[in-house]
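So this block is model.pdb, PDB, C-alpha atoms:
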ATOM      1  CA  MET G  30     102.216  19.489   1.332  1.00  0.00           C
ATOM      2  CA  ASP G  31     103.913  17.992   4.373  1.00  0.00           C
ATOM      3  CA  TYR G  32     102.121  20.445   6.652  1.00  0.00           C
ATOM      4  CA  VAL G  33      98.605  19.563   5.537  1.00  0.00           C
ATOM      5  CA  GLN G  34      99.428  15.862   5.763  1.00  0.00           C
ATOM      6  CA  THR G  35     100.471  16.176   9.410  1.00  0.00           C
ATOM      7  CA  HIS G  36      98.054  18.733  10.868  1.00  0.00           C
ATOM      8  CA  THR G  37      94.356  18.846  11.655  1.00  0.00           C
ATOM      9  CA  PRO G  38      91.862  21.051   9.815  1.00  0.00           C
ATOM     10  CA  ALA G  39      91.671  23.245  12.936  1.00  0.00           C
ATOM     11  CA  GLU G  40      95.446  23.742  12.987  1.00  0.00           C
ATOM     12  CA  ILE G  41      95.565  24.480   9.270  1.00  0.00           C
ATOM     13  CA  ALA G  42      92.627  26.895   9.510  1.00  0.00           C
ATOM     14  CA  LYS G  43      94.322  28.837  12.294  1.00  0.00           C
ATOM     15  CA  VAL G  44      97.516  29.211  10.256  1.00  0.00           C
ATOM     16  CA  ILE G  45      95.808  30.335   7.050  1.00  0.00           C
ATOM     17  CA  SER G  46      93.110  32.496   8.646  1.00  0.00           C
ATOM     18  CA  PRO G  47      95.045  35.797   8.220  1.00  0.00           C
ATOM     19  CA  GLN G  48      94.790  35.268   4.454  1.00  0.00           C
ATOM     20  CA  PHE G  49      90.987  35.153   4.797  1.00  0.00           C
ATOM     21  CA  ALA G  50      90.334  38.007   7.225  1.00  0.00           C
ATOM     22  CA  GLU G  51      86.732  38.389   6.032  1.00  0.00           C
ATOM     23  CA  THR G  52      85.911  34.753   6.920  1.00  0.00           C
ATOM     24  CA  ASP G  53      85.422  33.492  10.473  1.00  0.00           C
ATOM     25  CA  LEU G  54      87.696  30.728  11.753  1.00  0.00           C
ATOM     26  CA  ALA G  55      84.893  28.142  12.056  1.00  0.00           C
ATOM     27  CA  THR G  56      84.041  28.544   8.375  1.00  0.00           C
ATOM     28  CA  ILE G  57      87.682  28.219   7.345  1.00  0.00           C
ATOM     29  CA  GLU G  58      87.974  25.072   9.458  1.00  0.00           C
ATOM     30  CA  THR G  59      84.864  23.634   7.784  1.00  0.00           C
ATOM     31  CA  ILE G  60      86.296  24.350   4.335  1.00  0.00           C
ATOM     32  CA  VAL G  61      89.682  22.868   5.225  1.00  0.00           C
ATOM     33  CA  GLY G  62      87.942  19.804   6.662  1.00  0.00           C
ATOM     34  CA  ARG G  63      85.982  19.400   3.434  1.00  0.00           C
ATOM     35  CA  TYR G  64      89.181  19.604   1.392  1.00  0.00           C
ATOM     36  CA  ALA G  65      90.762  16.953   3.612  1.00  0.00           C
ATOM     37  CA  ALA G  66      87.723  14.675   3.300  1.00  0.00           C
ATOM     38  CA  GLN G  67      87.798  15.040  -0.491  1.00  0.00           C
ATOM     39  CA  ASP G  68      91.478  14.026  -0.477  1.00  0.00           C
ATOM     40  CA  THR G  69      92.242  17.332  -2.176  1.00  0.00           C
ATOM     41  CA  TRP G  70      95.781  17.545  -0.816  1.00  0.00           C
ATOM     42  CA  LYS G  71      98.096  14.848  -2.034  1.00  0.00           C
ATOM     43  CA  SER G  72     101.316  13.666  -0.462  1.00  0.00           C
ATOM     44  CA  ASP G  73     103.400  14.611  -3.508  1.00  0.00           C
ATOM     45  CA  LEU G  74     103.428  17.522  -5.939  1.00  0.00           C
ATOM     46  CA  ILE G  75     102.951  15.529  -9.150  1.00  0.00           C
ATOM     47  CA  PHE G  76      99.516  16.569 -10.399  1.00  0.00           C
ATOM     48  CA  SER G  77      98.212  13.203 -11.597  1.00  0.00           C
ATOM     49  CA  GLU G  78      95.375  12.679 -14.025  1.00  0.00           C
ATOM     50  CA  ASP G  79      93.296  11.221 -11.172  1.00  0.00           C
ATOM     51  CA  SER G  80      93.841  14.408  -9.169  1.00  0.00           C
ATOM     52  CA  PHE G  81      92.929  16.525 -12.182  1.00  0.00           C
ATOM     53  CA  THR G  82      89.719  14.549 -12.635  1.00  0.00           C
ATOM     54  CA  LEU G  83      88.903  14.950  -8.935  1.00  0.00           C
ATOM     55  CA  LEU G  84      89.381  18.713  -9.249  1.00  0.00           C
ATOM     56  CA  GLU G  85      87.122  18.823 -12.294  1.00  0.00           C
ATOM     57  CA  ASN G  86      84.499  16.802 -10.398  1.00  0.00           C
ATOM     58  CA  ILE G  87      84.616  19.210  -7.453  1.00  0.00           C
ATOM     59  CA  LEU G  88      84.371  22.261  -9.706  1.00  0.00           C
ATOM     60  CA  GLU G  89      81.554  20.700 -11.699  1.00  0.00           C
ATOM     61  CA  GLU G  90      79.597  19.808  -8.542  1.00  0.00           C
ATOM     62  CA  ALA G  91      80.015  23.405  -7.375  1.00  0.00           C
ATOM     63  CA  GLY G  92      78.619  24.677 -10.674  1.00  0.00           C
ATOM     64  CA  GLU G  93      81.901  26.407 -11.522  1.00  0.00           C
ATOM     65  CA  LEU G  94      82.974  24.349 -14.546  1.00  0.00           C
ATOM     66  CA  ASP G  95      81.530  25.101 -17.973  1.00  0.00           C
ATOM     67  CA  GLY G  96      83.233  22.161 -19.665  1.00  0.00           C
ATOM     68  CA  ARG G  97      85.961  19.588 -19.198  1.00  0.00           C
ATOM     69  CA  VAL G  98      89.377  19.883 -20.793  1.00  0.00           C
ATOM     70  CA  PRO G  99      91.756  17.007 -21.491  1.00  0.00           C
ATOM     71  CA  TYR G 100      94.430  16.584 -18.802  1.00  0.00           C
ATOM     72  CA  ALA G 101      97.238  16.593 -21.381  1.00  0.00           C
ATOM     73  CA  ASP G 102      96.076  19.956 -22.728  1.00  0.00           C
ATOM     74  CA  LEU G 103      96.494  21.727 -19.377  1.00  0.00           C
ATOM     75  CA  VAL G 104      98.954  19.833 -17.205  1.00  0.00           C
ATOM     76  CA  ASP G 105     102.738  19.676 -17.537  1.00  0.00           C
ATOM     77  CA  THR G 106     104.266  17.634 -14.719  1.00  0.00           C
ATOM     78  CA  SER G 107     107.837  17.790 -16.027  1.00  0.00           C
ATOM     79  CA  PHE G 108     108.925  20.520 -13.597  1.00  0.00           C
ATOM     80  CA  ALA G 109     107.496  18.784 -10.528  1.00  0.00           C
ATOM     81  CA  GLU G 110     108.926  15.449 -11.646  1.00  0.00           C
ATOM     82  CA  LYS G 111     112.367  16.997 -12.109  1.00  0.00           C
ATOM     83  CA  ALA G 112     112.179  18.646  -8.674  1.00  0.00           C
ATOM     84  CA  ALA G 113     111.103  15.386  -7.038  1.00  0.00           C
ATOM     85  CA  HIS G 114     114.169  13.504  -8.270  1.00  0.00           C
TER      86      HIS G 114
END
How does the structure come out when it is put into structure tokens?
Amino acid sequence: MDYVQTHTPAEIAKVISPQFAETDLATIETIVGRYAAQDTWKSDLIFSEDSFTLLENILEEAGELDGRVPYADLVDTSFAEKAAH
């Protein structure tokens, strides 16, 4: 998470581009820029309910979500909380 907080979409795209060999660098940079603008990457690893809701909103807007599920039914933050302390 530290890396995406301290680097530009262009820098991030260049680093991750080998994982997306079928996609040109400009497209990857556009996608990374969109994620940054949506505040997709948080500064900590605790997956908050607000972050979960944001993810559901993004998936719903993309037409990829059939229905919403309660945060508590899917998310267990105990491991991340233990690691953070």
Self-check item: Hits of the PyMOL selection byres ((chain G and resi 57) around 9) in this structure, as an NGL selection string
Solution: :G and (38-39 or 41-43 or 45-46 or 49 or 52-56 or 58-62)
Exercise. Find the residues around stretch 73-79 of chain G up to 9 Å (all atoms listed in the file counted), leave out those fewer than 2 positions away in its own chain, and share them as a PyMOL selection string.
Key: chain G and resi 30-31+70-71+81-84+100-101+104-110+113
Practice problem: Enter the distance from atom CA of G:Ala112 to atom CA of G:Thr35, in Å, rounded to one decimal. | Solution: 21.7 Å
Exercise. With a distance cut-off of 12 Å and all atoms listed in the file, select the neighbouring residues of G:Glu85, excluding the residue or stretch itself and same-chain residues fewer than 2 positions from it, and output the selection as a list in words.
Key: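 Neighbouring residues, sequence-local ones excluded: Thr69, Glu78, Asp79, Ser80, Phe81, Thr82, Leu83, Ile87, Leu88, Glu89, Glu90, Ala91, Gly92, Glu93, Leu94, Asp95, Gly96, Arg97, Val98, Pro99 and Tyr100 of chain G.
For the atom pair formed by atom CA of G:Asn86 and atom CA of G:His36, the distance is 25.3 Å, given to one decimal.
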Practice problem: For atom CA of G:Ser72 and atom CA of G:Val44, quote the distance in Å rounded to one decimal. | Solution: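 Those two atoms sit 19.3 Å apart.
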